[in-house]
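Novice: Here's a structure for you.
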Amino acid sequence: MSDEVVTAAPEFELESVAGGAMRLSDLRSDGPVLVLFVAEECPTSALTLRRLGRLVPSLAAAGVTVAAVFEDPLEVAARTARRAGFAATLLAEPPPYDVSRAYELSSVPTTVLVGRDGNLIGRVVGWDAGALEELIEEACGAPVAVTQESPMRKPGCAAKSTYDAQTLRLLDAGSGQDELEEMFERGWTDGLPVIPPTRERVEAMLGGRDPAASLGEVPPGMGEATLERVAACAVLAGCRPDYFPVVLAAAEAALEPAFNLGGQAVTTQPVGQLVIVNGPVRDTIGLNGAMGALGPGWRANMTIGRAVRLLVSLTGGGFPGRLDRAALGQPGKVGVCVAEDEERSPWEPLHVERGFDREQSVVTLVACDAPLSISDHRSRSPEELAAVLGWAAAGAWSTNWWPLGTRSVFVICPEHAELFRKHRWDKRRLREAMFTAVRRPAGELRWGETTPHVERARDEEPVTKWTSPDDIVLIVAGGEAGRFSAVFGPCLGMNDEIISREVRWTT
Amino acid sequence: MVRLERLGIPTAAVATEPFVDEALEQARALGMPDYRMVFIPHPVQLLTLEELHAHAERAFEEIVARLTQPARAPASVAAGITPPMEPRAGAARPRS
Amino acid sequence: MDYVSPFDERRRTPEPLAPRPDELRGARVALLDINKRCGNQFLDRVEALLGDHGAHTFRLVKEIFSKPAGPEIIRRIADRGDLAVEGLAD
């Protein structure tokens with residue numbers, strides 16, 4: 001503990017997570033207060049919060065108030081404290097971090113003990129178990145064991161109040177020159193590198209369209225999707241300008257109220273937005289619907305899906321771990337976009353089913369979880385194959401929350417589609433066969449979480465996976481050799497519709 | 001419920017604790033940074049009726065406080081969402 | 001380097017919360033169930049406690065938990081209520 005001339009602790013007033021502003025004088029009204037200055041991005045701060053968090057109850061019992069001042073927004077303070085198991089008064093300090101400056105912080109964490117009289121009793125810089133033990137004993141008037149776990153000492157990180165232009169230049173010499181790192185530092189990515197949206201690139205993406213024209217507000221944060229921002233997302237994602245009309249159509253579809261993007265963007269479910277493309281635009285932009293269609297390798301596939309996701313997570317604020325609460329997420333949340341292989345399909349393509357002309361270019365958006373592969377190399381009859389395809393989806397979402405109450409999107413590979421073509425099964429016949437095949441008696445479904453339907457049904461009553469054959473959506477895609485189809489996981493409870501939008505070449 | 005507050009209806013919205021950070025960010029994004037929810041422990045789906053009622057009883061004082069305490073003057077804040085910041089690499093932030 | 005931000009960085013004037021009354025007694029309190037499981041049971045107890053404190057209560061249920069409450073529900077609350085309790089989000 002440092003030897004300090006008795007000085008008054010600078011007064012402060014900061015917003016609290018619990019609500020309302022908190023002053024230092026409020027905190028010390030009943031006794032001494034231990035103030036932890038911390039920052040979310042500092043691992044030593046996290047360590048300090050974890051270790052001292054355990055002591056908060058005993059400190060409170062000894063009449064010592066504990067408060068953490070975060071050099072971060074309130075929600076970051078809340079999240080960081082919760083993860084560290086630190087439950088005490090949480091305060092947030094906004095830029096330019098005047099309170100940190102008033103306390104002359106050089107680094108975080110810094111733990112300061114303020115007496116009831118408002119005097120600074122001591123401070124500990126960094127994590128120092130021994131010094132903190134002394135400080136806490138001073139506060140409580142009795143020894144309190146901090147910890148014997150290593151590390152017993154650990155230096156912290158520069159306090160944000162010490163950042164000025166010169167310091168930044170000295171300390172972060174690299175990041176000024178490295179555009180791509182800059183994008184990470186700004187938080188303009190999904191964790192993968194992005195293309196910096198320079199004015200030039202964004203203008204090229206806009207292609208003469210009005211940058212201020214708006215598609216509406218993007219939930220959940222309601223950032224406005226001006227064409228300029230949509231273009232920025234498309235550039236970030238790595239799109240070429242000729243993909244932009246498809247991105248625009250997908251964005252329009254996503255923002256359609258009936259799609260309930262807002263519900264999808266904040267749920268704990270692992271939902272992404274599947275973009276299916278039909279019509280001539282597929283070839284124009286080189287969108288893949290053949291071998292490897294659901295995987296990497298094609299720029300249009302990778303970047304168009306990604307542009308939609310960046311619109312939601314950046315412009316819309318639906319960023320994972322923040323407003324997007326997906327508990328586990330899934331790889332498709334990076335983006336998934338696929339062309340239907342209309343040429344190999346024996347059936348009418350999705351957009352024609354949905355009322356468009358074959359020659360129209362259309363994007364269709366569906367709320368979807370990750371795909372599950374369906375292997376079948378042996379079925380010789382359409383009945384068999386329909387049952388295999390259907391039963392593969394039996395576990396989608398749940399093996400017993402039946403009926404699902406929403407749709408499943410199947411991607412039928414050309415070899416599988418060929419079997420149905422040979423036996424002249426149209427989509428309607430296939431849907432009905434799949435629907436009929438996947439059923440179990442209610443008695444077998446009565447465990448774990450059950451649907452109201454199962455709860456009401458008699459034991460022997462057959463319960464189907466889907467509510468109706470219409471909940472089975474079929475498209476054709478994949479390589480010509482290899483009998484692997486796929487079914488996308490569902491998204492429940494959104495009351496969402498599938499939305500299709502025509503791709504328009506000019507706005 | 002920002003819409004209700006705008007219509008002059010004080011609202012106490014209740015959620016479980018893991019959503020504290022989301023509630024703060026969402027309130028700020030919707031233009032009401034001072035709005036606070038009431039939080040109860042998580043999870044609730046598997047609780048008995050008695051346990052749920054006990055949570056309600058424990059939360060009641062805070063619910064009343066949200067509905068009847070004087071509303072604060074608003075803080076100044078930017079609209080929309082702050083971008084997520086990546087940790088800064090560099091000499092000032094030694095990691096062990 | 002001048003970049004085009006994907007973020008909507010407009011500075012919006014923060015809105016104040018609705019003014020609060022001094023006490024519950026005599027207030028009409030709407031209880032809005034957001035329609036997730038257990039919410040109604042939680043609100044049952046809150047409703048009873050509100051009654052004990054002299055408030056008048058009425059119940060509503062959101063059409064679907066994953067979408068904002070429709071305008072009719074908002075209107076009903078605003079017309080008939082002075083205060084609102086909403087739950088239970090998990």
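To be explicit about the labels: the chains of the structure tokens are called A, B, and onward in the order shown, and within each one the residues are counted from 1, while ligands get numbers from 1 in the order they are shown.
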Identify, on the basis of only C-alpha atoms, every residue whose closest approach to Leu60 of chain C does not exceed 9 Å; exclude the query and any residue fewer than 3 positions from it along the same chain; express the result as a PyMOL selection string.
Specialist: chain C and resi 30-34+73+76-77
Novice: Keeping only N, CA and C atoms, write the selected residues to a file as a short mmCIF file (atom, residue, chain, number, x, y, z; two decimals), in the first residue's frame.
Specialist:
```cif
data_model
loop_
_atom_site.label_atom_id
_atom_site.label_comp_id
_atom_site.auth_asym_id
_atom_site.auth_seq_id
_atom_site.Cartn_x
_atom_site.Cartn_y
_atom_site.Cartn_z
N ALA C 30 -52.08 -2.32 -15.40
CA ALA C 30 -52.20 -3.36 -16.42
C ALA C 30 -51.09 -4.37 -16.21
N LEU C 31 -51.43 -5.63 -16.28
CA LEU C 31 -50.42 -6.69 -16.20
C LEU C 31 -50.34 -7.35 -17.56
N LEU C 32 -49.24 -7.12 -18.25
CA LEU C 32 -49.09 -7.64 -19.60
C LEU C 32 -48.22 -8.88 -19.59
N ASP C 33 -48.83 -10.00 -19.94
CA ASP C 33 -48.11 -11.27 -20.05
C ASP C 33 -47.50 -11.33 -21.45
N ILE C 34 -46.17 -11.45 -21.52
CA ILE C 34 -45.55 -11.46 -22.85
C ILE C 34 -45.70 -12.80 -23.55
N ILE C 73 -53.30 -3.66 -28.10
CA ILE C 73 -52.94 -3.93 -26.70
C ILE C 73 -52.38 -2.68 -26.05
N ARG C 76 -55.18 -0.32 -25.35
CA ARG C 76 -56.02 -0.75 -24.21
C ARG C 76 -55.33 -0.42 -22.89
N ILE C 77 -54.04 -0.64 -22.83
CA ILE C 77 -53.30 -0.33 -21.61
C ILE C 77 -53.32 1.17 -21.34
#
```
Novice: Taking the DSSP secondary structure from the backbone, can you list the residues of chain C that are strand (DSSP E or B), as a list in words?
Specialist: Tyr3, Arg28, Val29, Ala30, Leu31, Leu32, Asp33, His56, Thr57, Phe58, Arg59, Leu60, Val61, Leu83, Ala84, Val85, Glu86, Gly87, Leu88 and Ala89 of chain C
Novice: With a distance cut-off of 12 Å and only C-alpha atoms, select the neighbouring residues of Phe42 of chain C, excluding the residue or stretch itself and same-chain residues fewer than 2 positions from it, and output the selection as a PyMOL selection string.
Specialist: (chain B and resi 14-15+40+44-45+47-60) or (chain C and resi 31-40+44-49+85-89)
Novice: Write the residues you've just listed into a file as a compact mmCIF listing (two decimals), in the first residue's frame, and include N, CA and C atoms for each of them.
Specialist:
```
# COMPACT_ATOMS: atom_id res chain seq x y z
N VAL B 14 -40.24 -7.15 -16.27
CA VAL B 14 -39.47 -8.14 -15.49
C VAL B 14 -38.83 -9.15 -16.42
N ALA B 15 -37.54 -9.41 -16.19
CA ALA B 15 -36.81 -10.41 -16.97
C ALA B 15 -35.88 -11.16 -16.03
N ILE B 40 -35.05 -11.04 -12.02
CA ILE B 40 -35.15 -12.16 -11.07
C ILE B 40 -34.16 -13.23 -11.52
N VAL B 44 -36.24 -19.86 -14.96
CA VAL B 44 -37.59 -19.90 -14.38
C VAL B 44 -38.42 -21.03 -14.94
N GLN B 45 -38.02 -21.59 -16.09
CA GLN B 45 -38.88 -22.55 -16.79
C GLN B 45 -39.17 -23.80 -15.96
N LEU B 47 -39.22 -24.00 -12.59
CA LEU B 47 -39.60 -23.72 -11.21
C LEU B 47 -41.00 -24.22 -10.90
N THR B 48 -41.22 -24.51 -9.64
CA THR B 48 -42.58 -24.84 -9.18
C THR B 48 -43.37 -23.55 -9.04
N LEU B 49 -44.66 -23.71 -8.87
CA LEU B 49 -45.52 -22.55 -8.68
C LEU B 49 -45.08 -21.76 -7.44
N GLU B 50 -44.75 -22.48 -6.38
CA GLU B 50 -44.34 -21.82 -5.13
C GLU B 50 -43.07 -21.00 -5.34
N GLU B 51 -42.13 -21.59 -6.10
CA GLU B 51 -40.87 -20.88 -6.35
C GLU B 51 -41.10 -19.62 -7.18
N LEU B 52 -41.97 -19.72 -8.18
CA LEU B 52 -42.28 -18.54 -9.01
C LEU B 52 -42.91 -17.45 -8.16
N HIS B 53 -43.83 -17.87 -7.31
CA HIS B 53 -44.49 -16.90 -6.44
C HIS B 53 -43.48 -16.24 -5.49
N ALA B 54 -42.53 -17.03 -5.01
CA ALA B 54 -41.51 -16.48 -4.12
C ALA B 54 -40.67 -15.43 -4.86
N HIS B 55 -40.34 -15.70 -6.12
CA HIS B 55 -39.60 -14.71 -6.93
C HIS B 55 -40.42 -13.43 -7.06
N ALA B 56 -41.70 -13.60 -7.29
CA ALA B 56 -42.58 -12.43 -7.43
C ALA B 56 -42.58 -11.62 -6.14
N GLU B 57 -42.64 -12.29 -5.02
CA GLU B 57 -42.65 -11.59 -3.74
C GLU B 57 -41.35 -10.83 -3.50
N ARG B 58 -40.24 -11.48 -3.82
CA ARG B 58 -38.94 -10.83 -3.63
C ARG B 58 -38.75 -9.65 -4.56
N ALA B 59 -39.34 -9.74 -5.75
CA ALA B 59 -39.16 -8.68 -6.74
C ALA B 59 -40.16 -7.53 -6.55
N PHE B 60 -41.18 -7.75 -5.72
CA PHE B 60 -42.29 -6.80 -5.67
C PHE B 60 -41.85 -5.40 -5.26
N LEU C 31 -51.43 -5.63 -16.28
CA LEU C 31 -50.42 -6.69 -16.20
C LEU C 31 -50.34 -7.35 -17.56
N LEU C 32 -49.24 -7.12 -18.25
CA LEU C 32 -49.09 -7.64 -19.60
C LEU C 32 -48.22 -8.88 -19.59
N ASP C 33 -48.83 -10.00 -19.94
CA ASP C 33 -48.11 -11.27 -20.05
C ASP C 33 -47.50 -11.33 -21.45
N ILE C 34 -46.17 -11.45 -21.52
CA ILE C 34 -45.55 -11.46 -22.85
C ILE C 34 -45.70 -12.80 -23.55
N ASN C 35 -46.34 -13.75 -22.85
CA ASN C 35 -46.72 -15.02 -23.46
C ASN C 35 -45.56 -16.01 -23.59
N LYS C 36 -44.64 -15.95 -22.65
CA LYS C 36 -43.68 -17.05 -22.50
C LYS C 36 -44.15 -17.86 -21.31
N ARG C 37 -43.69 -19.12 -21.26
CA ARG C 37 -44.14 -19.99 -20.17
C ARG C 37 -43.83 -19.42 -18.80
N CYS C 38 -44.72 -19.67 -17.85
CA CYS C 38 -44.54 -19.29 -16.45
C CYS C 38 -44.89 -17.82 -16.18
N GLY C 39 -44.99 -17.03 -17.25
CA GLY C 39 -45.26 -15.61 -17.04
C GLY C 39 -46.57 -15.38 -16.32
N ASN C 40 -47.60 -16.12 -16.71
CA ASN C 40 -48.91 -15.89 -16.10
C ASN C 40 -48.88 -16.21 -14.62
N ASP C 44 -49.62 -13.64 -11.69
CA ASP C 44 -50.71 -13.91 -10.73
C ASP C 44 -50.32 -13.39 -9.34
N ARG C 45 -49.12 -13.71 -8.92
CA ARG C 45 -48.67 -13.32 -7.58
C ARG C 45 -48.47 -11.81 -7.49
N VAL C 46 -47.89 -11.24 -8.55
CA VAL C 46 -47.70 -9.78 -8.58
C VAL C 46 -49.06 -9.09 -8.51
N GLU C 47 -50.02 -9.64 -9.23
CA GLU C 47 -51.36 -9.05 -9.24
C GLU C 47 -51.97 -9.06 -7.84
N ALA C 48 -51.81 -10.19 -7.17
CA ALA C 48 -52.37 -10.31 -5.81
C ALA C 48 -51.72 -9.28 -4.89
N LEU C 49 -50.40 -9.13 -4.99
CA LEU C 49 -49.70 -8.17 -4.14
C LEU C 49 -50.10 -6.74 -4.47
N VAL C 85 -47.21 -3.48 -15.60
CA VAL C 85 -46.16 -4.45 -15.26
C VAL C 85 -46.13 -5.47 -16.39
N GLU C 86 -44.94 -5.76 -16.87
CA GLU C 86 -44.80 -6.65 -18.01
C GLU C 86 -43.85 -7.79 -17.66
N GLY C 87 -44.19 -9.02 -18.04
CA GLY C 87 -43.28 -10.13 -17.76
C GLY C 87 -43.72 -11.38 -18.49
N LEU C 88 -43.00 -12.50 -18.54
CA LEU C 88 -41.73 -12.63 -17.85
C LEU C 88 -40.72 -13.05 -18.90
N ALA C 89 -39.70 -12.23 -19.14
CA ALA C 89 -38.76 -12.51 -20.22
C ALA C 89 -37.59 -13.34 -19.71
```
Novice: Can you write out as a Markdown table which residues of chain A fall within 7 Å of chain C, alongside each residue's closest atom pair and its distance in Å to one decimal, counting only C-alpha atoms and ordering rows by chain and ascending residue number?
Specialist:
```
| residue | atom | partner | partner_atom | distance |
| --- | --- | --- | --- | --- |
| A:Pro197 | CA | C:Tyr3 | CA | 5.4 |
| A:Thr198 | CA | C:Tyr3 | CA | 4.5 |
| A:Arg199 | CA | C:Tyr3 | CA | 6.0 |
| A:Gly223 | CA | C:Asp8 | CA | 5.0 |
| A:Glu224 | CA | C:Asp8 | CA | 6.1 |
| A:Arg229 | CA | C:Pro6 | CA | 4.8 |
| A:Ala232 | CA | C:Pro6 | CA | 5.5 |
| A:Cys233 | CA | C:Pro6 | CA | 6.0 |
| A:Asn260 | CA | C:Lys67 | CA | 7.0 |
| A:Gly263 | CA | C:Ser66 | CA | 4.8 |
| A:Leu314 | CA | C:Phe7 | CA | 6.1 |
| A:Thr315 | CA | C:Phe7 | CA | 4.6 |
| A:Gly493 | CA | C:Ser66 | CA | 6.7 |
| A:Met494 | CA | C:Ser66 | CA | 5.6 |
```
Novice: Take the selection from the previous step and output its residues with C-alpha atoms, as a PDB file, in the first residue's frame.
Specialist:
```pdb
ATOM      1  CA  PRO A 197     -15.682   0.433 -46.678  1.00  0.00           C
ATOM      2  CA  THR A 198     -13.826   3.359 -48.199  1.00  0.00           C
ATOM      3  CA  ARG A 199     -15.876   6.063 -49.926  1.00  0.00           C
ATOM      4  CA  GLY A 223     -30.422   1.633 -37.034  1.00  0.00           C
ATOM      5  CA  GLU A 224     -31.627   3.001 -40.353  1.00  0.00           C
ATOM      6  CA  ARG A 229     -25.167   1.670 -45.025  1.00  0.00           C
ATOM      7  CA  ALA A 232     -21.118  -0.433 -46.552  1.00  0.00           C
ATOM      8  CA  CYS A 233     -22.244  -3.833 -45.232  1.00  0.00           C
ATOM      9  CA  ASN A 260     -40.097 -10.831 -37.817  1.00  0.00           C
ATOM     10  CA  GLY A 263     -37.642 -11.644 -33.013  1.00  0.00           C
ATOM     11  CA  LEU A 314     -23.880  -3.956 -37.296  1.00  0.00           C
ATOM     12  CA  THR A 315     -26.494  -1.546 -38.640  1.00  0.00           C
ATOM     13  CA  GLY A 493     -42.106 -19.114 -32.126  1.00  0.00           C
ATOM     14  CA  MET A 494     -41.526 -16.248 -34.540  1.00  0.00           C
TER      15      MET A 494
END
```
Novice: Counting only C-alpha atoms, collect the residues of chain A whose closest atom lies at most 9 Å from chain B, and write them out as a CSV table (one decimal) with N, CA and C atoms, in the first residue's frame.
Specialist:
```csv
chain,number,residue,atom,x,y,z
A,15,GLU,N,-23.4,7.0,-13.8
A,15,GLU,CA,-24.6,6.2,-14.0
A,15,GLU,C,-24.3,4.8,-13.5
A,17,VAL,N,-25.6,0.7,-13.1
A,17,VAL,CA,-26.4,-0.4,-13.8
A,17,VAL,C,-27.8,-0.5,-13.2
A,18,ALA,N,-27.8,-0.4,-11.9
A,18,ALA,CA,-29.1,-0.6,-11.2
A,18,ALA,C,-30.1,0.5,-11.5
A,19,GLY,N,-29.6,1.7,-12.0
A,19,GLY,CA,-30.5,2.7,-12.3
A,19,GLY,C,-30.2,4.0,-11.5
A,20,GLY,N,-30.1,5.1,-12.1
A,20,GLY,CA,-29.8,6.3,-11.4
A,20,GLY,C,-28.4,6.6,-11.3
A,40,GLU,N,-13.2,-3.6,-19.3
A,40,GLU,CA,-13.7,-4.9,-19.8
A,40,GLU,C,-12.6,-5.6,-20.6
A,41,GLU,N,-11.8,-4.8,-21.4
A,41,GLU,CA,-10.8,-5.5,-22.3
A,41,GLU,C,-9.5,-5.9,-21.5
A,42,CYS,N,-9.5,-5.6,-20.2
A,42,CYS,CA,-8.3,-5.8,-19.5
A,42,CYS,C,-8.4,-7.1,-18.7
A,43,PRO,N,-7.6,-8.1,-19.0
A,43,PRO,CA,-7.8,-9.4,-18.3
A,43,PRO,C,-7.5,-9.3,-16.8
A,44,THR,N,-6.6,-8.4,-16.5
A,44,THR,CA,-6.2,-8.3,-15.0
A,44,THR,C,-7.4,-7.7,-14.3
A,73,PRO,N,-19.2,1.2,-21.5
A,73,PRO,CA,-20.7,1.5,-21.4
A,73,PRO,C,-21.3,0.6,-20.4
A,74,LEU,N,-22.5,1.0,-19.9
A,74,LEU,CA,-23.2,0.3,-18.8
A,74,LEU,C,-23.4,-1.1,-19.1
A,75,GLU,N,-23.8,-1.4,-20.3
A,75,GLU,CA,-24.2,-2.8,-20.6
A,75,GLU,C,-22.9,-3.7,-20.6
A,76,VAL,N,-21.8,-3.1,-21.0
A,76,VAL,CA,-20.5,-3.9,-20.9
A,76,VAL,C,-20.2,-4.1,-19.5
A,77,ALA,N,-20.4,-3.1,-18.6
A,77,ALA,CA,-20.1,-3.3,-17.2
A,77,ALA,C,-21.0,-4.4,-16.6
A,78,ALA,N,-22.2,-4.4,-17.0
A,78,ALA,CA,-23.2,-5.4,-16.5
A,78,ALA,C,-22.7,-6.8,-16.9
A,79,ARG,N,-22.4,-6.9,-18.2
A,79,ARG,CA,-22.0,-8.2,-18.7
A,79,ARG,C,-20.7,-8.8,-18.1
A,82,ARG,N,-21.1,-9.7,-14.4
A,82,ARG,CA,-21.9,-11.0,-14.3
A,82,ARG,C,-21.0,-12.2,-14.6
A,154,LYS,N,-0.2,-9.4,-10.7
A,154,LYS,CA,-0.3,-9.3,-12.1
A,154,LYS,C,-0.5,-7.9,-12.5
A,155,PRO,N,0.3,-7.4,-13.5
A,155,PRO,CA,0.1,-6.0,-13.9
A,155,PRO,C,-1.1,-5.9,-14.7
A,156,GLY,N,-1.6,-4.7,-14.8
A,156,GLY,CA,-2.9,-4.4,-15.5
A,156,GLY,C,-2.6,-3.8,-16.9
A,157,CYS,N,-3.5,-3.0,-17.3
A,157,CYS,CA,-3.4,-2.4,-18.7
A,157,CYS,C,-3.6,-0.9,-18.6
A,158,ALA,N,-3.2,-0.2,-19.6
A,158,ALA,CA,-3.3,1.2,-19.5
A,158,ALA,C,-4.7,1.7,-19.3
A,171,LEU,N,2.1,3.7,-28.6
A,171,LEU,CA,1.8,2.4,-28.2
A,171,LEU,C,1.2,1.5,-29.2
A,172,ASP,N,0.4,2.1,-30.1
A,172,ASP,CA,-0.3,1.3,-31.1
A,172,ASP,C,0.2,1.7,-32.5
A,173,ALA,N,1.5,1.8,-32.6
A,173,ALA,CA,2.1,2.3,-33.9
A,173,ALA,C,1.6,1.5,-35.0
A,174,GLY,N,1.3,0.2,-34.8
A,174,GLY,CA,0.9,-0.7,-35.9
A,174,GLY,C,-0.5,-0.3,-36.5
A,175,SER,N,-1.5,-0.1,-35.6
A,175,SER,CA,-2.8,-0.1,-36.0
A,175,SER,C,-3.2,1.1,-36.9
A,184,PHE,N,-11.1,-4.5,-37.2
A,184,PHE,CA,-11.4,-5.3,-36.0
A,184,PHE,C,-11.5,-4.4,-34.8
A,185,GLU,N,-10.6,-3.4,-34.7
A,185,GLU,CA,-10.6,-2.5,-33.6
A,185,GLU,C,-11.9,-1.7,-33.5
A,186,ARG,N,-12.4,-1.3,-34.6
A,186,ARG,CA,-13.6,-0.6,-34.6
A,186,ARG,C,-14.9,-1.5,-34.3
A,187,GLY,N,-14.7,-2.8,-34.4
A,187,GLY,CA,-15.8,-3.7,-34.2
A,187,GLY,C,-16.7,-3.8,-35.4
A,188,TRP,N,-16.1,-3.6,-36.6
A,188,TRP,CA,-16.9,-3.6,-37.8
A,188,TRP,C,-16.9,-5.0,-38.5
A,189,THR,N,-16.6,-6.0,-37.7
A,189,THR,CA,-16.5,-7.3,-38.3
A,189,THR,C,-17.4,-8.3,-37.6
A,220,PRO,N,-32.6,-5.3,-34.0
A,220,PRO,CA,-33.3,-4.8,-32.9
A,220,PRO,C,-32.9,-3.4,-32.4
A,221,GLY,N,-31.8,-2.8,-32.9
A,221,GLY,CA,-31.4,-1.5,-32.5
A,221,GLY,C,-32.0,-0.4,-33.3
A,222,MET,N,-32.7,-0.7,-34.3
A,222,MET,CA,-33.4,0.2,-35.2
A,222,MET,C,-32.5,1.2,-35.8
A,223,GLY,N,-31.3,0.8,-36.2
A,223,GLY,CA,-30.4,1.6,-37.0
A,223,GLY,C,-31.0,1.7,-38.4
A,224,GLU,N,-31.0,2.9,-39.1
A,224,GLU,CA,-31.6,3.0,-40.4
A,224,GLU,C,-30.8,2.4,-41.5
A,314,LEU,N,-24.5,-5.3,-37.4
A,314,LEU,CA,-23.9,-4.0,-37.3
A,314,LEU,C,-24.9,-2.8,-37.4
A,315,THR,N,-25.5,-2.6,-38.5
A,315,THR,CA,-26.5,-1.5,-38.6
A,315,THR,C,-27.6,-1.8,-37.7
A,316,GLY,N,-28.1,-3.0,-37.6
A,316,GLY,CA,-29.2,-3.3,-36.7
A,316,GLY,C,-28.8,-3.5,-35.2
A,317,GLY,N,-27.5,-3.7,-35.0
A,317,GLY,CA,-27.1,-3.8,-33.6
A,317,GLY,C,-27.3,-5.2,-33.0
A,319,PHE,N,-25.8,-7.9,-32.5
A,319,PHE,CA,-24.4,-8.5,-32.5
A,319,PHE,C,-24.4,-9.6,-31.5
A,321,GLY,N,-23.8,-12.0,-28.6
A,321,GLY,CA,-23.3,-11.8,-27.2
A,321,GLY,C,-23.7,-10.4,-26.7
A,322,ARG,N,-24.4,-9.7,-27.5
A,322,ARG,CA,-24.9,-8.4,-27.1
A,322,ARG,C,-26.4,-8.3,-27.2
A,323,LEU,N,-27.0,-7.8,-28.2
A,323,LEU,CA,-28.5,-7.8,-28.4
A,323,LEU,C,-28.9,-9.2,-28.9
A,324,ASP,N,-28.0,-9.8,-29.7
A,324,ASP,CA,-28.2,-11.2,-30.2
A,324,ASP,C,-27.9,-12.2,-29.1
A,325,ARG,N,-28.9,-12.9,-28.6
A,325,ARG,CA,-28.7,-13.7,-27.4
A,325,ARG,C,-28.6,-15.2,-27.7
```
Novice: Measuring between only C-alpha atoms, which one of C:Gln41, C:Asp79, C:Lys62, C:Arg28 shows the shortest distance to chain B?
Specialist: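 Checking each candidate against chain B, we get C:Gln41 as the closest.
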Novice: Give the answer as one residue: which of C:Val29, C:Leu50, C:Val61, C:Ala18 has the shortest atom-to-atom distance to chain B, using only C-alpha atoms?
Specialist: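 So, comparing all the options, the nearest one is C:Ala18.
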Novice: Among segment 39-76 of chain C, which ones does DSSP place in helix (DSSP H, G or I), written as a list of chain:residue names?
Specialist: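 Everything in segment 39-76 of chain C that counts as helix (DSSP H, G or I) is C:Gly39, C:Asn40, C:Gln41, C:Phe42, C:Leu43, C:Asp44, C:Arg45, C:Val46, C:Glu47, C:Ala48, C:Leu49, C:Leu50, C:Gly51, C:Asp52, C:Pro71, C:Glu72, C:Ile73, C:Ile74, C:Arg75, C:Arg76.
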Novice: Kindly save the residues from that selection, with C-alpha atoms included, as a compact mmCIF listing (two decimals), in the first residue's frame.
Specialist:
```txt
# COMPACT_ATOMS: atom_id res chain seq x y z
CA GLY C 39 -45.26 -15.61 -17.04
CA ASN C 40 -48.91 -15.89 -16.10
CA GLN C 41 -48.10 -17.65 -12.83
CA PHE C 42 -45.52 -15.01 -11.95
CA LEU C 43 -47.96 -12.22 -12.77
CA ASP C 44 -50.71 -13.91 -10.73
CA ARG C 45 -48.67 -13.32 -7.58
CA VAL C 46 -47.70 -9.78 -8.58
CA GLU C 47 -51.36 -9.05 -9.24
CA ALA C 48 -52.37 -10.31 -5.81
CA LEU C 49 -49.70 -8.17 -4.14
CA LEU C 50 -50.75 -5.12 -6.13
CA GLY C 51 -54.30 -5.69 -4.95
CA ASP C 52 -53.09 -5.88 -1.36
CA PRO C 71 -51.18 -1.40 -31.21
CA GLU C 72 -54.55 -2.55 -29.83
CA ILE C 73 -52.94 -3.93 -26.70
CA ILE C 74 -50.92 -0.75 -26.21
CA ARG C 75 -54.05 1.33 -26.70
CA ARG C 76 -56.02 -0.75 -24.21
```
Novice: Could you name the residues that touch Leu24 of chain C at 8 Å or less, counting only C-alpha atoms, but leaving out those on the same chain fewer than 4 positions away, as number ranges by chain?
Specialist: B: 64, 68; C: 50, 53-55
Novice: In Å, how far is it from atom CA of Leu83 of chain C to atom CA of Ala27 of chain C?
Specialist: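 Those two atoms sit 7.1 Å apart.
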Novice: Just how far from atom CA of Val38 of chain A is atom CA of Ser161 of chain A, in Å to one decimal?
Specialist: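 Interatomic distance here is 11.7 Å.
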